[in-house]
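Written below as structure tokens is the structure these notes are about.
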Amino acid sequence: MVFEIDNVELYFNKKTILNGVYLKAQTNTITGILGRNGCGKSCLLSIIFGSLSSKYALIRINNKPITKALYLTNQVAYLPQFYFTPNQININKLFKLYKVSWKDFEAKFPEFKTYKSKTINYLSGGERRVIEIYLILNTPSNLVLLDEPFSNISPIYIEKIKQIIKRVNKTKAIVLTDHSYNEVIDIADQIYLLKNGCTKLINHIKELESYNYLSFGTL
């Protein structure tokens with residue numbers, strides 16, 4: 001599957017947030033988006049998902065225009081920055097609702113074994129995030145959007161999640177953004193830098209310094 005979004009324009013109170021943004025993602029290619037705080041990364045993911053309206057955006061899947069919100073097509077799964085699971089929901093029930101195997105999850109994260117009968121708000125913020133990421137990655141979809149998947153998660157879980165992302169990417173296109181640029185650089189096959197409302201495809205990692213996203217000598 002090949003996903004493209006083009007000519008994205010977004011304004012808040014006459015302030016330009018996004019202007020002429022282009023992004024391409026495809027199966028078996030992990031696409032990373034980097035950019036400073038407030039540059040519009042989360043807005044772009046929300047526009048792709050369909051939960052935020054832009055002045056203009058052209059979305060294509062396999063070169064065919066999509067004229068309705070992408071979430072209505074059942075082709076996309078989206079991890080927002082905030083917790084999306086209800087606080088009082090039982091974890092075992094949550095996995096059943098998403099039709100995701102608890103046994104498979106437990107095999108990858110044995111530390112969670114005793115949590116099966118707990119409610120989701122019993123977990124720490126990082127543990128809850130691990131479950132939410134796992135559910136989103138394993139929900140039937142052709143495109144996965146991950147907003148800050150590595151935030152507030154312990155390093156041991158980050159490495160496991162990276163491996164799951166790489167496995168899932170064999171059958172899904174994945175787009176992710178995170179302030180932990182090292183994690184994005186490590187896992188992404190291609191990177192877009194969002195700056196001044198526009199996207200720039202990074203052909204060489206050192207360009208992140210040339211475009212002043214990172215200080216010279218960082219990489």
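Just remember, in the structure tokens the first chain shown is A, the second B, etc., residues are 1-based per chain, and ligands are 1-based in the order shown.
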Using only C-alpha atoms, which protein or nucleic acid residues come within 10 Å of Ile205 in chain A? Drop anything in the same chain fewer than 2 positions from it, and give the result as a list in words.
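Once the nearby chain positions are removed, what remains is Ile185, Gln190, Ile191, Ile202, Asn203, Glu207, Leu208, Glu209, Ser210 and Leu219 of chain A.
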Can you pull out every residue within 7 Å of Ile59 in chain A, counting only C-alpha atoms, but drop anything in the same chain fewer than 3 positions away, and send it as number ranges by chain?
A: 4-6, 65-66
Those same residues, written as a compact mmCIF listing (two decimals), in the first residue's frame with N, CA, C and O atoms?
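Listed below is the output, result.txt:
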# COMPACT_ATOMS: atom_id res chain seq x y z
N GLU A 4 -0.25 8.75 0.22
CA GLU A 4 0.31 10.09 -0.01
C GLU A 4 -0.67 11.14 0.46
O GLU A 4 -1.89 11.00 0.30
N ILE A 5 -0.15 12.19 1.06
CA ILE A 5 -0.94 13.38 1.36
C ILE A 5 -0.17 14.58 0.81
O ILE A 5 1.05 14.66 0.96
N ASP A 6 -0.91 15.47 0.17
CA ASP A 6 -0.25 16.54 -0.58
C ASP A 6 -1.01 17.86 -0.41
O ASP A 6 -2.21 17.88 -0.11
N PRO A 65 -7.63 8.94 -5.17
CA PRO A 65 -8.03 9.97 -4.19
C PRO A 65 -9.02 9.42 -3.16
O PRO A 65 -9.93 8.66 -3.50
N ILE A 66 -8.82 9.81 -1.91
CA ILE A 66 -9.74 9.47 -0.82
C ILE A 66 -10.50 10.75 -0.47
O ILE A 66 -9.89 11.75 -0.06
Please, what distance in Å, to one decimal, runs between CA of Ile47 in chain A and CA of Pro140 in chain A?
20.1 Å
Contacts of Gln75 in chain A at 10 Å (only C-alpha atoms; same-chain gap of 5+ positions) as an NGL selection string:
:A and (49 or 61 or 70 or 139-144 or 172)
I need the chosen residues saved as an mmCIF file, in the first residue's frame, with N, CA and C atoms.
data_model
loop_
_atom_site.group_PDB
_atom_site.id
_atom_site.type_symbol
_atom_site.label_atom_id
_atom_site.label_comp_id
_atom_site.auth_asym_id
_atom_site.auth_seq_id
_atom_site.Cartn_x
_atom_site.Cartn_y
_atom_site.Cartn_z
ATOM 1 N N PHE A 49 -5.522 11.247 9.769
ATOM 2 C CA PHE A 49 -6.523 10.364 10.381
ATOM 3 C C PHE A 49 -7.938 10.827 10.050
ATOM 4 N N ILE A 61 -4.458 6.873 -1.866
ATOM 5 C CA ILE A 61 -3.994 5.531 -1.509
ATOM 6 C C ILE A 61 -3.885 4.738 -2.802
ATOM 7 N N LEU A 70 -10.251 9.487 6.609
ATOM 8 C CA LEU A 70 -9.596 8.188 6.463
ATOM 9 C C LEU A 70 -10.066 7.186 7.515
ATOM 10 N N THR A 139 -4.110 -3.666 15.495
ATOM 11 C CA THR A 139 -5.457 -3.465 14.983
ATOM 12 C C THR A 139 -5.438 -3.599 13.462
ATOM 13 N N PRO A 140 -6.416 -4.279 12.873
ATOM 14 C CA PRO A 140 -6.441 -4.408 11.409
ATOM 15 C C PRO A 140 -6.446 -3.039 10.724
ATOM 16 N N SER A 141 -5.461 -2.789 9.903
ATOM 17 C CA SER A 141 -5.344 -1.513 9.187
ATOM 18 C C SER A 141 -4.209 -1.639 8.181
ATOM 19 N N ASN A 142 -4.201 -0.723 7.220
ATOM 20 C CA ASN A 142 -3.116 -0.678 6.247
ATOM 21 C C ASN A 142 -2.088 0.402 6.571
ATOM 22 N N LEU A 143 -2.520 1.365 7.413
ATOM 23 C CA LEU A 143 -1.674 2.505 7.774
ATOM 24 C C LEU A 143 -1.754 2.726 9.274
ATOM 25 N N VAL A 144 -0.599 2.907 9.918
ATOM 26 C CA VAL A 144 -0.542 3.160 11.360
ATOM 27 C C VAL A 144 0.144 4.496 11.603
ATOM 28 N N LYS A 172 2.118 -3.266 6.847
ATOM 29 C CA LYS A 172 1.453 -1.980 7.023
ATOM 30 C C LYS A 172 2.437 -0.844 6.794
#
Among listed residues A:Tyr11, A:Phe112, A:Phe216, A:Phe3, nearest Leu23 in chain A (using only C-alpha atoms):
A:Phe3
Just checking: using only C-alpha atoms, which residue out of A:Asn138, A:Asn196, A:Thr119, A:Ser101 ends up closest to Gly40 in chain A?
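Among A:Asn138, A:Asn196, A:Thr119, A:Ser101, it is A:Asn196 that comes nearest to Gly40 in chain A.
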Tell me, which residues of range 153-185 of chain A carry DSSP alpha helix (DSSP H), written as a ChimeraX atom specification?
/A:155-168,181-185
Find the residue from A:Ser154, A:Ser180, A:Asn212, A:Thr171 that sits nearest to Thr29 in chain A; use only C-alpha atoms when measuring.
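Using only C-alpha atoms, the shortest distance to Thr29 in chain A belongs to A:Thr171.
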Two-atom distance - CA of Tyr115 in chain A, CA of Asn90 in chain A (Å):
9.3 Å
Looking only at strand (DSSP E) from DSSP on the backbone, list the matching residues of range 1-96 of chain A as a PyMOL selection string.
chain A and resi 2-12+15-26+30-34+56-61+64-66+76-79
Residues at most 10 Å from Phe150 in chain A, counting only C-alpha atoms, excluding those fewer than 6 positions away in the same chain, as a PyMOL selection string?
chain A and resi 126+129-130+133+157-159+161-162+176-180+183-184
With all heavy atoms kept, could you save the residues just selected as a short mmCIF file (atom, residue, chain, number, x, y, z; two decimals), in the first residue's frame?
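Output (again28.cif):
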data_model
loop_
_atom_site.label_atom_id
_atom_site.label_comp_id
_atom_site.auth_asym_id
_atom_site.auth_seq_id
_atom_site.Cartn_x
_atom_site.Cartn_y
_atom_site.Cartn_z
N GLY A 126 3.70 4.79 31.75
CA GLY A 126 4.51 4.12 30.74
C GLY A 126 3.97 2.76 30.37
O GLY A 126 3.95 2.37 29.19
N ARG A 129 0.92 3.11 28.26
CA ARG A 129 1.30 3.50 26.90
C ARG A 129 1.75 2.27 26.11
O ARG A 129 1.46 2.16 24.92
CB ARG A 129 2.43 4.53 26.97
CG ARG A 129 2.69 5.26 25.66
CD ARG A 129 1.53 6.12 25.27
NE ARG A 129 1.86 7.01 24.15
CZ ARG A 129 0.97 7.63 23.41
NH1 ARG A 129 -0.31 7.47 23.67
NH2 ARG A 129 1.33 8.41 22.43
N VAL A 130 2.46 1.37 26.73
CA VAL A 130 2.90 0.14 26.05
C VAL A 130 1.70 -0.64 25.54
O VAL A 130 1.68 -1.09 24.38
CB VAL A 130 3.75 -0.73 27.00
CG1 VAL A 130 3.95 -2.13 26.41
CG2 VAL A 130 5.10 -0.09 27.26
N ILE A 133 0.02 1.23 22.57
CA ILE A 133 0.81 1.10 21.34
C ILE A 133 0.63 -0.29 20.74
O ILE A 133 0.43 -0.44 19.53
CB ILE A 133 2.30 1.36 21.63
CG1 ILE A 133 2.53 2.81 22.04
CG2 ILE A 133 3.16 1.01 20.41
CD1 ILE A 133 3.90 3.06 22.62
N TYR A 157 11.39 -1.32 27.18
CA TYR A 157 10.14 -1.42 26.44
C TYR A 157 10.27 -0.77 25.06
O TYR A 157 9.67 -1.23 24.09
CB TYR A 157 8.99 -0.78 27.21
CG TYR A 157 8.60 -1.52 28.46
CD1 TYR A 157 8.09 -0.85 29.57
CD2 TYR A 157 8.74 -2.90 28.55
CE1 TYR A 157 7.72 -1.52 30.73
CE2 TYR A 157 8.39 -3.59 29.71
CZ TYR A 157 7.88 -2.89 30.79
OH TYR A 157 7.53 -3.57 31.92
N ILE A 158 11.04 0.30 24.99
CA ILE A 158 11.24 0.98 23.70
C ILE A 158 11.85 0.01 22.68
O ILE A 158 11.41 -0.06 21.53
CB ILE A 158 12.14 2.22 23.86
CG1 ILE A 158 11.37 3.35 24.56
CG2 ILE A 158 12.65 2.70 22.50
CD1 ILE A 158 12.21 4.57 24.85
N GLU A 159 12.84 -0.75 23.10
CA GLU A 159 13.48 -1.70 22.18
C GLU A 159 12.51 -2.78 21.73
O GLU A 159 12.50 -3.18 20.56
CB GLU A 159 14.71 -2.32 22.84
CG GLU A 159 15.85 -1.34 23.05
CD GLU A 159 16.22 -0.57 21.78
OE1 GLU A 159 16.39 -1.23 20.73
OE2 GLU A 159 16.32 0.66 21.83
N ILE A 161 9.22 -2.47 21.55
CA ILE A 161 8.25 -1.82 20.67
C ILE A 161 8.84 -1.59 19.29
O ILE A 161 8.17 -1.77 18.27
CB ILE A 161 7.77 -0.49 21.31
CG1 ILE A 161 6.86 -0.79 22.50
CG2 ILE A 161 7.02 0.36 20.28
CD1 ILE A 161 6.57 0.39 23.37
N LYS A 162 10.10 -1.21 19.23
CA LYS A 162 10.75 -1.04 17.93
C LYS A 162 10.71 -2.33 17.12
O LYS A 162 10.47 -2.31 15.91
CB LYS A 162 12.20 -0.60 18.13
CG LYS A 162 12.41 0.85 18.47
CD LYS A 162 13.89 1.11 18.56
CE LYS A 162 14.20 2.53 18.96
NZ LYS A 162 15.66 2.74 19.10
N LEU A 176 5.48 7.75 12.05
CA LEU A 176 5.63 8.07 13.47
C LEU A 176 6.40 9.36 13.66
O LEU A 176 7.21 9.77 12.83
CB LEU A 176 6.31 6.91 14.22
CG LEU A 176 7.72 6.47 13.80
CD1 LEU A 176 8.77 7.31 14.53
CD2 LEU A 176 7.93 5.00 14.12
N THR A 177 6.11 10.01 14.77
CA THR A 177 6.85 11.20 15.16
C THR A 177 7.12 11.13 16.65
O THR A 177 6.33 10.57 17.41
CB THR A 177 6.08 12.49 14.82
OG1 THR A 177 6.88 13.63 15.17
CG2 THR A 177 4.76 12.57 15.55
N ASP A 178 8.27 11.66 17.07
CA ASP A 178 8.62 11.62 18.48
C ASP A 178 9.70 12.67 18.75
O ASP A 178 10.54 12.95 17.88
CB ASP A 178 9.14 10.23 18.87
CG ASP A 178 8.97 9.95 20.36
OD1 ASP A 178 9.77 10.49 21.15
OD2 ASP A 178 8.05 9.21 20.73
N HIS A 179 9.67 13.26 19.96
CA HIS A 179 10.70 14.23 20.33
C HIS A 179 12.04 13.53 20.56
O HIS A 179 13.09 14.19 20.52
CB HIS A 179 10.27 14.99 21.58
CG HIS A 179 9.11 15.90 21.34
ND1 HIS A 179 9.12 16.89 20.38
CD2 HIS A 179 7.89 15.98 21.92
CE1 HIS A 179 7.98 17.54 20.38
NE2 HIS A 179 7.21 17.00 21.30
N SER A 180 12.00 12.23 20.82
CA SER A 180 13.24 11.46 20.95
C SER A 180 13.78 11.18 19.55
O SER A 180 13.56 10.10 18.98
CB SER A 180 12.99 10.16 21.71
OG SER A 180 12.51 10.42 23.01
N GLU A 183 15.57 7.92 18.58
CA GLU A 183 14.75 6.73 18.35
C GLU A 183 14.15 6.76 16.95
O GLU A 183 14.08 5.72 16.28
CB GLU A 183 13.63 6.65 19.40
CG GLU A 183 14.08 6.76 20.85
CD GLU A 183 14.99 5.63 21.29
OE1 GLU A 183 15.21 4.67 20.52
OE2 GLU A 183 15.50 5.70 22.43
N VAL A 184 13.72 7.93 16.51
CA VAL A 184 13.15 8.06 15.16
C VAL A 184 14.22 7.77 14.11
O VAL A 184 13.99 7.01 13.16
CB VAL A 184 12.55 9.46 14.94
CG1 VAL A 184 12.06 9.62 13.50
CG2 VAL A 184 11.41 9.72 15.93
#
Choose the residue, out of A:Leu135, A:Leu18, A:Gly38, A:Phe82, that has the smallest atom-to-atom separation from Phe105 in chain A; count only C-alpha atoms.
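Distance minimum relative to Phe105 in chain A lands on A:Leu135.
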Write out as a list in words each polymer residue whose atoms come within 7 Å of Leu193 in chain A, counting only C-alpha atoms; drop sequence neighbours fewer than 4 positions from it.
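The filter keeps Ile33, Leu34, Gly35, Thr199, Lys200, Leu201 and Ile202 of chain A.
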Keeping only N, CA, C and O atoms, take the residues you just selected and write them out as an mmCIF file, in the first residue's frame.
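What ended up in result08.cif:
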data_model
loop_
_atom_site.group_PDB
_atom_site.id
_atom_site.type_symbol
_atom_site.label_atom_id
_atom_site.label_comp_id
_atom_site.auth_asym_id
_atom_site.auth_seq_id
_atom_site.Cartn_x
_atom_site.Cartn_y
_atom_site.Cartn_z
ATOM 1 N N ILE A 33 8.703 11.541 11.119
ATOM 2 C CA ILE A 33 8.547 12.992 10.989
ATOM 3 C C ILE A 33 9.240 13.646 12.178
ATOM 4 O O ILE A 33 8.933 13.335 13.334
ATOM 5 N N LEU A 34 10.168 14.547 11.896
ATOM 6 C CA LEU A 34 10.852 15.292 12.942
ATOM 7 C C LEU A 34 10.541 16.781 12.792
ATOM 8 O O LEU A 34 10.212 17.252 11.703
ATOM 9 N N GLY A 35 10.665 17.503 13.877
ATOM 10 C CA GLY A 35 10.408 18.938 13.859
ATOM 11 C C GLY A 35 10.318 19.460 15.271
ATOM 12 O O GLY A 35 10.096 18.699 16.215
ATOM 13 N N THR A 199 7.271 20.326 4.609
ATOM 14 C CA THR A 199 8.058 19.117 4.832
ATOM 15 C C THR A 199 9.231 19.064 3.870
ATOM 16 O O THR A 199 9.125 19.452 2.704
ATOM 17 N N LYS A 200 10.337 18.555 4.366
ATOM 18 C CA LYS A 200 11.539 18.353 3.561
ATOM 19 C C LYS A 200 12.000 16.916 3.750
ATOM 20 O O LYS A 200 12.272 16.483 4.880
ATOM 21 N N LEU A 201 12.046 16.144 2.663
ATOM 22 C CA LEU A 201 12.550 14.785 2.744
ATOM 23 C C LEU A 201 14.051 14.822 2.976
ATOM 24 O O LEU A 201 14.797 15.452 2.220
ATOM 25 N N ILE A 202 14.488 14.179 4.033
ATOM 26 C CA ILE A 202 15.908 14.169 4.403
ATOM 27 C C ILE A 202 16.622 13.050 3.639
ATOM 28 O O ILE A 202 16.317 11.874 3.810
#
Point-to-point distance in Å for CA of Phe84 in chain A and CA of Lys170 in chain A
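CA of Phe84 in chain A lies 25.6 Å from CA of Lys170 in chain A.
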